[in-house]
$ cat entry_11.csv   # CSV, N, CA and C atoms
chain,number,residue,atom,x,y,z
H,1,MET,N,162.6,-1.1,-153.2
H,1,MET,CA,162.1,-0.8,-154.5
H,1,MET,C,161.5,-2.0,-155.2
H,2,LYS,N,160.3,-1.9,-155.8
H,2,LYS,CA,159.6,-3.0,-156.4
H,2,LYS,C,160.4,-3.4,-157.7
H,3,ASP,N,160.3,-4.7,-157.9
H,3,ASP,CA,160.9,-5.3,-159.1
H,3,ASP,C,160.0,-5.1,-160.3
H,4,PRO,N,160.4,-4.4,-161.4
H,4,PRO,CA,159.5,-4.2,-162.5
H,4,PRO,C,159.2,-5.5,-163.3
H,5,ASP,N,159.9,-6.5,-163.1
H,5,ASP,CA,159.7,-7.8,-163.8
H,5,ASP,C,159.0,-8.8,-162.8
H,6,HIS,N,158.4,-8.3,-161.7
H,6,HIS,CA,157.8,-9.2,-160.8
H,6,HIS,C,156.7,-10.0,-161.4
H,7,LEU,N,155.8,-9.4,-162.2
H,7,LEU,CA,154.7,-10.0,-162.9
H,7,LEU,C,155.2,-11.1,-163.8
H,8,ILE,N,156.2,-10.8,-164.5
H,8,ILE,CA,156.8,-11.8,-165.5
H,8,ILE,C,157.3,-13.0,-164.7
H,9,LYS,N,158.0,-12.8,-163.6
H,9,LYS,CA,158.5,-13.9,-162.8
H,9,LYS,C,157.4,-14.8,-162.2
H,10,VAL,N,156.3,-14.1,-161.8
H,10,VAL,CA,155.2,-14.9,-161.2
H,10,VAL,C,154.6,-15.7,-162.3
H,11,GLU,N,154.4,-15.1,-163.5
H,11,GLU,CA,153.8,-15.9,-164.6
H,11,GLU,C,154.7,-17.1,-165.0
H,12,GLN,N,156.0,-16.9,-165.0
H,12,GLN,CA,156.9,-18.0,-165.3
H,12,GLN,C,156.8,-19.1,-164.3
H,13,ALA,N,156.7,-18.7,-163.0
H,13,ALA,CA,156.6,-19.7,-161.9
H,13,ALA,C,155.3,-20.5,-162.1
H,14,ILE,N,154.2,-19.8,-162.4
H,14,ILE,CA,152.9,-20.5,-162.6
H,14,ILE,C,153.1,-21.5,-163.8
H,15,LYS,N,153.7,-21.0,-164.9
H,15,LYS,CA,153.9,-21.8,-166.1
H,15,LYS,C,154.7,-23.1,-165.8
H,16,GLU,N,155.8,-23.0,-165.0
H,16,GLU,CA,156.6,-24.1,-164.6
H,16,GLU,C,155.8,-25.1,-163.8
H,17,LYS,N,155.0,-24.6,-162.9
H,17,LYS,CA,154.3,-25.5,-161.9
H,17,LYS,C,153.1,-26.1,-162.6
H,18,TYR,N,152.3,-25.4,-163.4
H,18,TYR,CA,151.0,-25.9,-163.9
H,18,TYR,C,151.0,-26.1,-165.4
H,19,GLY,N,152.0,-25.7,-166.1
H,19,GLY,CA,152.0,-25.9,-167.6
H,19,GLY,C,151.6,-24.6,-168.4
H,20,ASP,N,151.7,-24.8,-169.7
H,20,ASP,CA,151.4,-23.6,-170.6
H,20,ASP,C,149.9,-23.2,-170.5
H,21,GLU,N,149.0,-24.1,-170.4
H,21,GLU,CA,147.6,-23.7,-170.4
H,21,GLU,C,147.2,-22.8,-169.3
H,22,ALA,N,147.9,-22.8,-168.2
H,22,ALA,CA,147.6,-22.0,-167.0
H,22,ALA,C,147.8,-20.5,-167.3
H,23,VAL,N,148.7,-20.2,-168.2
H,23,VAL,CA,149.0,-18.8,-168.4
H,23,VAL,C,148.6,-18.2,-169.7
H,24,GLN,N,148.0,-19.1,-170.6
H,24,GLN,CA,147.6,-18.6,-171.9
H,24,GLN,C,146.2,-17.9,-171.9
H,25,ASN,N,146.0,-17.1,-172.8
H,25,ASN,CA,144.7,-16.4,-172.9
H,25,ASN,C,143.6,-17.4,-173.3
H,26,PRO,N,142.5,-17.4,-172.6
H,26,PRO,CA,141.4,-18.4,-172.9
H,26,PRO,C,140.9,-18.2,-174.3
H,27,LYS,N,140.9,-17.0,-174.9
H,27,LYS,CA,140.4,-16.8,-176.2
H,27,LYS,C,141.2,-17.5,-177.3
H,28,SER,N,142.5,-17.8,-177.0
H,28,SER,CA,143.3,-18.5,-178.0
H,28,SER,C,142.9,-19.9,-178.3
H,29,THR,N,142.2,-20.6,-177.4
H,29,THR,CA,141.7,-21.9,-177.7
H,29,THR,C,140.2,-22.0,-178.0
H,30,TRP,N,139.5,-20.8,-177.9
H,30,TRP,CA,138.1,-20.8,-178.1
H,30,TRP,C,137.7,-20.7,-179.6
H,31,ASP,N,136.8,-21.5,-180.1
H,31,ASP,CA,136.4,-21.5,-181.5
H,31,ASP,C,134.9,-21.5,-181.6
H,32,SER,N,134.4,-21.5,-182.8
H,32,SER,CA,132.9,-21.5,-183.0
H,32,SER,C,132.3,-22.8,-182.5
H,33,GLU,N,132.9,-23.9,-182.6
H,33,GLU,CA,132.4,-25.2,-182.0
H,33,GLU,C,132.2,-25.1,-180.5
H,34,LYS,N,133.2,-24.6,-179.8
H,34,LYS,CA,133.0,-24.5,-178.4
H,34,LYS,C,132.0,-23.5,-178.0
H,35,GLU,N,131.8,-22.4,-178.8
H,35,GLU,CA,130.8,-21.4,-178.6
H,35,GLU,C,129.4,-22.0,-178.7
H,36,LYS,N,129.2,-22.8,-179.8
H,36,LYS,CA,127.9,-23.5,-180.0
H,36,LYS,C,127.6,-24.4,-178.8
H,37,GLU,N,128.6,-25.2,-178.4
H,37,GLU,CA,128.4,-26.2,-177.3
H,37,GLU,C,128.0,-25.4,-176.0
H,38,TYR,N,128.7,-24.3,-175.8
H,38,TYR,CA,128.5,-23.5,-174.6
H,38,TYR,C,127.0,-22.9,-174.6
H,39,LEU,N,126.6,-22.4,-175.8
H,39,LEU,CA,125.3,-21.9,-175.9
H,39,LEU,C,124.2,-23.0,-175.7
H,40,LYS,N,124.4,-24.2,-176.2
H,40,LYS,CA,123.5,-25.3,-175.9
H,40,LYS,C,123.4,-25.6,-174.4
H,41,GLN,N,124.5,-25.6,-173.7
H,41,GLN,CA,124.5,-25.9,-172.3
H,41,GLN,C,123.7,-24.8,-171.5
H,42,ILE,N,124.0,-23.6,-171.9
H,42,ILE,CA,123.3,-22.4,-171.2
H,42,ILE,C,121.8,-22.6,-171.5
H,43,LYS,N,121.4,-22.9,-172.7
H,43,LYS,CA,119.9,-23.0,-173.0
H,43,LYS,C,119.3,-24.2,-172.3
H,44,LYS,N,120.0,-25.3,-172.1
H,44,LYS,CA,119.5,-26.4,-171.4
H,44,LYS,C,119.3,-26.1,-169.9
H,45,ILE,N,120.3,-25.4,-169.3
H,45,ILE,CA,120.2,-25.0,-167.9
H,45,ILE,C,119.0,-24.0,-167.7
H,46,SER,N,118.9,-23.1,-168.6
H,46,SER,CA,117.8,-22.1,-168.4
H,46,SER,C,116.4,-22.8,-168.6
H,47,GLN,N,116.3,-23.8,-169.4
H,47,GLN,CA,115.0,-24.5,-169.6
H,47,GLN,C,114.7,-25.3,-168.3
H,48,SER,N,115.7,-25.9,-167.7
H,48,SER,CA,115.5,-26.7,-166.5
H,48,SER,C,115.0,-25.8,-165.4
H,49,TYR,N,115.5,-24.5,-165.3
H,49,TYR,CA,115.0,-23.6,-164.3
H,49,TYR,C,113.5,-23.2,-164.6
H,50,LYS,N,113.2,-23.0,-165.9
H,50,LYS,CA,111.8,-22.7,-166.2
H,50,LYS,C,110.8,-23.8,-166.0
H,51,ALA,N,111.3,-25.0,-166.1
H,51,ALA,CA,110.5,-26.2,-166.0
H,51,ALA,C,110.0,-26.4,-164.5
H,52,LYS,N,110.6,-25.8,-163.6
H,52,LYS,CA,110.2,-26.0,-162.2
H,52,LYS,C,108.9,-25.2,-162.0
H,53,GLU,N,107.8,-25.9,-161.8
H,53,GLU,CA,106.5,-25.3,-161.7
H,53,GLU,C,106.3,-24.7,-160.3
H,54,LYS,N,105.6,-23.6,-160.3
H,54,LYS,CA,105.3,-22.9,-159.0
H,54,LYS,C,103.8,-22.9,-158.8
H,55,VAL,N,103.4,-23.2,-157.6
H,55,VAL,CA,102.0,-23.3,-157.2
H,55,VAL,C,101.7,-22.2,-156.2
H,56,GLU,N,100.5,-21.6,-156.3
H,56,GLU,CA,100.1,-20.6,-155.3
H,56,GLU,C,99.5,-21.3,-154.1
H,57,VAL,N,100.1,-21.1,-152.9
H,57,VAL,CA,99.6,-21.7,-151.7
H,57,VAL,C,99.2,-20.5,-150.8
H,58,GLU,N,97.9,-20.2,-150.7
H,58,GLU,CA,97.4,-19.2,-149.8
H,58,GLU,C,98.1,-17.8,-150.1
H,59,GLY,N,98.2,-17.5,-151.4
H,59,GLY,CA,98.8,-16.2,-151.7
H,59,GLY,C,100.3,-16.2,-151.9
H,60,VAL,N,101.0,-17.3,-151.7
H,60,VAL,CA,102.4,-17.4,-151.8
H,60,VAL,C,102.8,-18.4,-152.9
H,61,LEU,N,103.7,-18.0,-153.8
H,61,LEU,CA,104.2,-18.9,-154.8
H,61,LEU,C,105.3,-19.8,-154.3
H,62,MET,N,105.1,-21.1,-154.4
H,62,MET,CA,106.1,-22.0,-153.9
H,62,MET,C,106.4,-23.1,-155.0
H,63,PRO,N,107.6,-23.6,-155.0
H,63,PRO,CA,107.9,-24.7,-156.0
H,63,PRO,C,107.0,-25.9,-155.7
H,64,LYS,N,106.5,-26.5,-156.8
H,64,LYS,CA,105.6,-27.6,-156.6
H,64,LYS,C,106.3,-28.8,-155.9
H,65,LYS,N,107.6,-29.0,-156.0
H,65,LYS,CA,108.2,-30.2,-155.4
H,65,LYS,C,108.3,-30.0,-153.9
H,66,LEU,N,108.1,-28.8,-153.3
H,66,LEU,CA,108.1,-28.6,-151.9
H,66,LEU,C,106.8,-28.8,-151.2
H,67,ILE,N,105.8,-29.0,-152.0
H,67,ILE,CA,104.4,-29.1,-151.5
H,67,ILE,C,104.1,-30.6,-151.4
H,68,ARG,N,103.7,-31.0,-150.2
H,68,ARG,CA,103.2,-32.3,-150.0
H,68,ARG,C,101.7,-32.3,-150.1
H,69,LYS,N,101.1,-33.5,-150.4
H,69,LYS,CA,99.7,-33.5,-150.5
H,69,LYS,C,99.0,-33.1,-149.3
H,70,GLU,N,99.4,-33.6,-148.1
H,70,GLU,CA,98.8,-33.2,-146.9
H,70,GLU,C,99.6,-32.1,-146.3
H,71,SER,N,99.0,-31.0,-146.1
H,71,SER,CA,99.8,-29.8,-145.6
H,71,SER,C,99.4,-29.7,-144.1
H,72,THR,N,100.4,-29.7,-143.3
H,72,THR,CA,100.2,-29.6,-141.9
H,72,THR,C,100.7,-28.2,-141.4
H,73,ARG,N,100.8,-27.2,-142.4
H,73,ARG,CA,101.2,-25.9,-142.0
H,73,ARG,C,100.1,-25.0,-141.7
H,74,THR,N,98.9,-25.4,-142.0
H,74,THR,CA,97.7,-24.6,-141.7
H,74,THR,C,97.1,-25.1,-140.4
H,75,CYS,N,96.9,-24.1,-139.5
H,75,CYS,CA,96.3,-24.5,-138.2
H,75,CYS,C,94.8,-24.8,-138.4
H,76,PRO,N,94.3,-25.9,-138.0
H,76,PRO,CA,92.9,-26.2,-138.2
H,76,PRO,C,92.0,-25.4,-137.2
H,77,VAL,N,92.6,-24.8,-136.2
H,77,VAL,CA,91.8,-24.0,-135.2
H,77,VAL,C,91.6,-22.6,-135.8
H,78,CYS,N,92.7,-21.9,-136.1
H,78,CYS,CA,92.6,-20.5,-136.6
H,78,CYS,C,92.7,-20.3,-138.1
H,79,ASN,N,93.0,-21.4,-138.8
H,79,ASN,CA,93.1,-21.4,-140.3
H,79,ASN,C,94.1,-20.5,-140.8
H,80,ILE,N,95.2,-20.3,-140.1
H,80,ILE,CA,96.3,-19.4,-140.5
H,80,ILE,C,97.5,-20.3,-140.9
H,81,TYR,N,98.1,-20.0,-142.1
H,81,TYR,CA,99.2,-20.7,-142.6
H,81,TYR,C,100.5,-20.2,-141.9
H,82,SER,N,101.3,-21.2,-141.4
H,82,SER,CA,102.4,-20.8,-140.5
H,82,SER,C,103.7,-21.1,-141.2
H,83,PHE,N,104.6,-20.1,-141.1
H,83,PHE,CA,106.0,-20.4,-141.6
H,83,PHE,C,106.9,-20.5,-140.4
H,84,ASN,N,106.4,-20.4,-139.2
H,84,ASN,CA,107.2,-20.5,-137.9
H,84,ASN,C,107.6,-21.9,-137.6
H,85,MET,N,108.9,-22.1,-137.3
H,85,MET,CA,109.4,-23.4,-137.0
H,85,MET,C,108.8,-24.0,-135.7
H,86,LYS,N,108.6,-23.1,-134.7
H,86,LYS,CA,108.1,-23.7,-133.5
H,86,LYS,C,106.7,-24.2,-133.6
H,87,ASP,N,106.0,-23.8,-134.6
H,87,ASP,CA,104.6,-24.3,-134.8
H,87,ASP,C,104.6,-25.8,-135.2
H,88,ASP,N,105.7,-26.3,-135.8
H,88,ASP,CA,105.8,-27.7,-136.2
H,88,ASP,C,105.6,-28.6,-135.0
H,89,LEU,N,106.2,-28.4,-133.9
H,89,LEU,CA,106.0,-29.2,-132.7
H,89,LEU,C,104.6,-29.2,-132.2
H,90,TYR,N,104.0,-28.1,-132.2
H,90,TYR,CA,102.6,-28.0,-131.7
H,90,TYR,C,101.6,-28.6,-132.7
H,91,MET,N,101.9,-28.5,-134.0
H,91,MET,CA,101.1,-29.1,-135.0
H,91,MET,C,101.1,-30.6,-134.9
H,92,VAL,N,102.3,-31.2,-134.6
H,92,VAL,CA,102.4,-32.6,-134.5
H,92,VAL,C,101.7,-33.1,-133.2
H,93,LYS,N,102.0,-32.5,-132.1
H,93,LYS,CA,101.5,-33.0,-130.8
H,93,LYS,C,100.1,-32.6,-130.5
H,94,PHE,N,99.7,-31.3,-130.8
H,94,PHE,CA,98.4,-30.9,-130.4
H,94,PHE,C,97.5,-30.5,-131.6
H,95,LYS,N,98.0,-30.6,-132.8
H,95,LYS,CA,97.2,-30.3,-134.0
H,95,LYS,C,96.7,-28.8,-134.0
H,96,CYS,N,97.6,-27.9,-133.6
H,96,CYS,CA,97.3,-26.5,-133.6
H,96,CYS,C,98.6,-25.7,-133.6
H,97,CYS,N,98.5,-24.4,-133.9
H,97,CYS,CA,99.8,-23.6,-133.9
H,97,CYS,C,100.1,-23.2,-132.5
H,98,TRP,N,101.3,-22.6,-132.4
H,98,TRP,CA,101.8,-22.2,-131.0
H,98,TRP,C,100.8,-21.2,-130.4
H,99,LYS,N,100.4,-20.2,-131.2
H,99,LYS,CA,99.4,-19.2,-130.7
H,99,LYS,C,98.2,-19.8,-130.2
H,100,CYS,N,97.6,-20.8,-130.9
H,100,CYS,CA,96.4,-21.4,-130.4
H,100,CYS,C,96.7,-22.3,-129.2
H,101,TYR,N,97.9,-22.9,-129.2
H,101,TYR,CA,98.3,-23.7,-128.0
H,101,TYR,C,98.2,-22.8,-126.8
H,102,ILE,N,98.9,-21.6,-126.8
H,102,ILE,CA,98.9,-20.7,-125.7
H,102,ILE,C,97.5,-20.3,-125.3
H,103,GLU,N,96.7,-20.0,-126.3
H,103,GLU,CA,95.3,-19.5,-126.0
H,103,GLU,C,94.4,-20.6,-125.5
H,104,HIS,N,94.4,-21.7,-126.1
H,104,HIS,CA,93.4,-22.8,-125.8
H,104,HIS,C,93.9,-24.0,-125.1
H,105,VAL,N,95.1,-24.4,-125.2
H,105,VAL,CA,95.6,-25.7,-124.7
H,105,VAL,C,96.3,-25.6,-123.4
H,106,GLU,N,97.3,-24.7,-123.3
H,106,GLU,CA,98.2,-24.6,-122.2
H,106,GLU,C,97.5,-24.8,-120.9
H,107,GLY,N,97.8,-25.8,-120.1
H,107,GLY,CA,97.2,-26.0,-118.8
H,107,GLY,C,96.0,-26.9,-118.9
H,108,ARG,N,95.5,-27.1,-120.1
H,108,ARG,CA,94.3,-28.0,-120.3
H,108,ARG,C,94.6,-29.1,-121.3
H,109,GLU,N,95.8,-29.6,-121.3
H,109,GLU,CA,96.1,-30.6,-122.3
H,109,GLU,C,95.2,-31.9,-122.2
H,110,ASP,N,94.8,-32.3,-121.1
H,110,ASP,CA,94.0,-33.5,-121.0
H,110,ASP,C,92.6,-33.2,-121.6
H,111,ARG,N,92.0,-32.0,-121.6
H,111,ARG,CA,90.7,-31.7,-122.1
H,111,ARG,C,90.8,-31.2,-123.6
H,112,TRP,N,92.0,-31.1,-124.1
H,112,TRP,CA,92.2,-30.5,-125.4
H,112,TRP,C,91.4,-31.2,-126.6
H,113,PRO,N,91.4,-32.6,-126.7
H,113,PRO,CA,90.7,-33.2,-127.8
H,113,PRO,C,89.3,-32.8,-127.9
H,114,GLN,N,88.6,-32.7,-126.8
H,114,GLN,CA,87.1,-32.3,-126.9
H,114,GLN,C,87.0,-30.8,-127.3
H,115,LYS,N,87.9,-30.0,-126.7
H,115,LYS,CA,87.8,-28.5,-127.0
H,115,LYS,C,88.2,-28.3,-128.5
H,116,GLN,N,89.2,-29.1,-129.0
H,116,GLN,CA,89.6,-28.9,-130.4
H,116,GLN,C,88.4,-29.2,-131.3
H,117,LYS,N,87.7,-30.2,-131.1
H,117,LYS,CA,86.5,-30.5,-131.9
H,117,LYS,C,85.5,-29.3,-132.0
H,118,GLN,N,85.3,-28.7,-130.8
H,118,GLN,CA,84.4,-27.6,-130.7
H,118,GLN,C,84.9,-26.4,-131.5
H,119,LEU,N,86.2,-26.1,-131.3
H,119,LEU,CA,86.8,-24.9,-132.0
H,119,LEU,C,86.8,-25.2,-133.5
H,120,MET,N,87.1,-26.4,-134.0
H,120,MET,CA,87.1,-26.6,-135.4
H,120,MET,C,85.7,-26.5,-136.0
H,121,LYS,N,84.7,-26.9,-135.3
H,121,LYS,CA,83.3,-26.7,-135.8
H,121,LYS,C,83.0,-25.2,-135.9
H,122,LEU,N,83.5,-24.4,-134.9
H,122,LEU,CA,83.2,-23.0,-135.0
H,122,LEU,C,84.0,-22.3,-136.1
H,123,SER,N,85.2,-22.7,-136.3
H,123,SER,CA,86.0,-22.1,-137.4
H,123,SER,C,85.6,-22.4,-138.8
H,124,ASN,N,84.9,-23.6,-138.9
H,124,ASN,CA,84.5,-24.0,-140.3
H,124,ASN,C,83.1,-23.3,-140.6
H,125,LYS,N,82.5,-22.7,-139.7
H,125,LYS,CA,81.2,-22.1,-140.0
H,125,LYS,C,81.3,-20.8,-140.7

$ encode --input "entry_11.csv" --output "structure tokens"
Amino acid sequence: MKDPDHLIKVEQAIKEKYGDEAVQNPKSTWDSEKEKEYLKQIKKISQSYKAKEKVEVEGVLMPKKLIRKESTRTCPVCNIYSFNMKDDLYMVKFKCCWKCYIEHVEGREDRWPQKQKQLMKLSNK
């Protein structure tokens, strides 16, 4: 059979271990000064979230701090913006996305610089 005073015993044990503040109602120490301070903090936090500017990058809103001046996410060959992580390697090494690497570069790595110039001229027209 359950002890009807179990909750009271638990509360007393918490009070002994952590003190009176651990078991008292938070409203008992809340006053208008604390309320004003709390509202100021909330207002400050909400303003900091609003202050973060967002910039449109090819139809997608992104925080301004994530955007670097030189964007290597757009493939210069097919002009597609990539969110794919595996494109990063190919952008650095071959200056094209993975799809363009498979289509134009794979097996022709030694001739790629000349071919890339031709494709970039065609894509810019």

$ residues_around --input "entry_11.csv" --residues "Ile14 in chain H" --least-positions-apart "6" --cutoff "9 Å" --atoms "only C-alpha atoms" --output "ChimeraX atom specification"
/H:20,22-23

$ atom_distance --input "entry_11.csv" --atom1 "CA of Glu58 in chain H" --atom2 "CA of Cys75 in chain H"
12.8 Å

$ closest_residue --input "entry_11.csv" --among "H:Asn79, H:Lys17, H:Lys95, H:Ser48" --to "Gln116 in chain H" --atoms "all atoms listed in the file"
H:Lys95

$ atom_distance --input "entry_11.csv" --atom1 "CA of Leu61 in chain H" --atom2 "atom N of Cys96 in chain H"
24.0 Å

$ atom_distance --input "entry_11.csv" --atom1 "atom C of Arg111 in chain H" --atom2 "atom N of Met85 in chain H"
24.5 Å

$ select_by_dssp --input "entry_11.csv" --residues "chain H" --states "alpha helix (DSSP H)" --output "ChimeraX atom specification"
/H:6-18,32-51,86-94,98-100,112-124

$ closest_residue --input "entry_11.csv" --among "H:Pro113, H:Leu39, H:Gln47, H:Cys100" --to "Val77 in chain H" --atoms "all atoms listed in the file"
H:Cys100

$ select_by_dssp --input "entry_11.csv" --residues "range 11-59 of chain H" --states "strand (DSSP E or B)" --output "list in words"
Lys54, Val55, Glu56 and Val57 of chain H

$ write_last_selection --input "entry_11.csv" --atoms "N, CA and C atoms" --output "PDB file, keeping the file's coordinate frame"
ATOM      1  N   LYS H  54     105.600 -23.600-160.300  1.00  0.00           N
ATOM      2  CA  LYS H  54     105.300 -22.900-159.000  1.00  0.00           C
ATOM      3  C   LYS H  54     103.800 -22.900-158.800  1.00  0.00           C
ATOM      4  N   VAL H  55     103.400 -23.200-157.600  1.00  0.00           N
ATOM      5  CA  VAL H  55     102.000 -23.300-157.200  1.00  0.00           C
ATOM      6  C   VAL H  55     101.700 -22.200-156.200  1.00  0.00           C
ATOM      7  N   GLU H  56     100.500 -21.600-156.300  1.00  0.00           N
ATOM      8  CA  GLU H  56     100.100 -20.600-155.300  1.00  0.00           C
ATOM      9  C   GLU H  56      99.500 -21.300-154.100  1.00  0.00           C
ATOM     10  N   VAL H  57     100.100 -21.100-152.900  1.00  0.00           N
ATOM     11  CA  VAL H  57      99.600 -21.700-151.700  1.00  0.00           C
ATOM     12  C   VAL H  57      99.200 -20.500-150.800  1.00  0.00           C
TER      13      VAL H  57
END
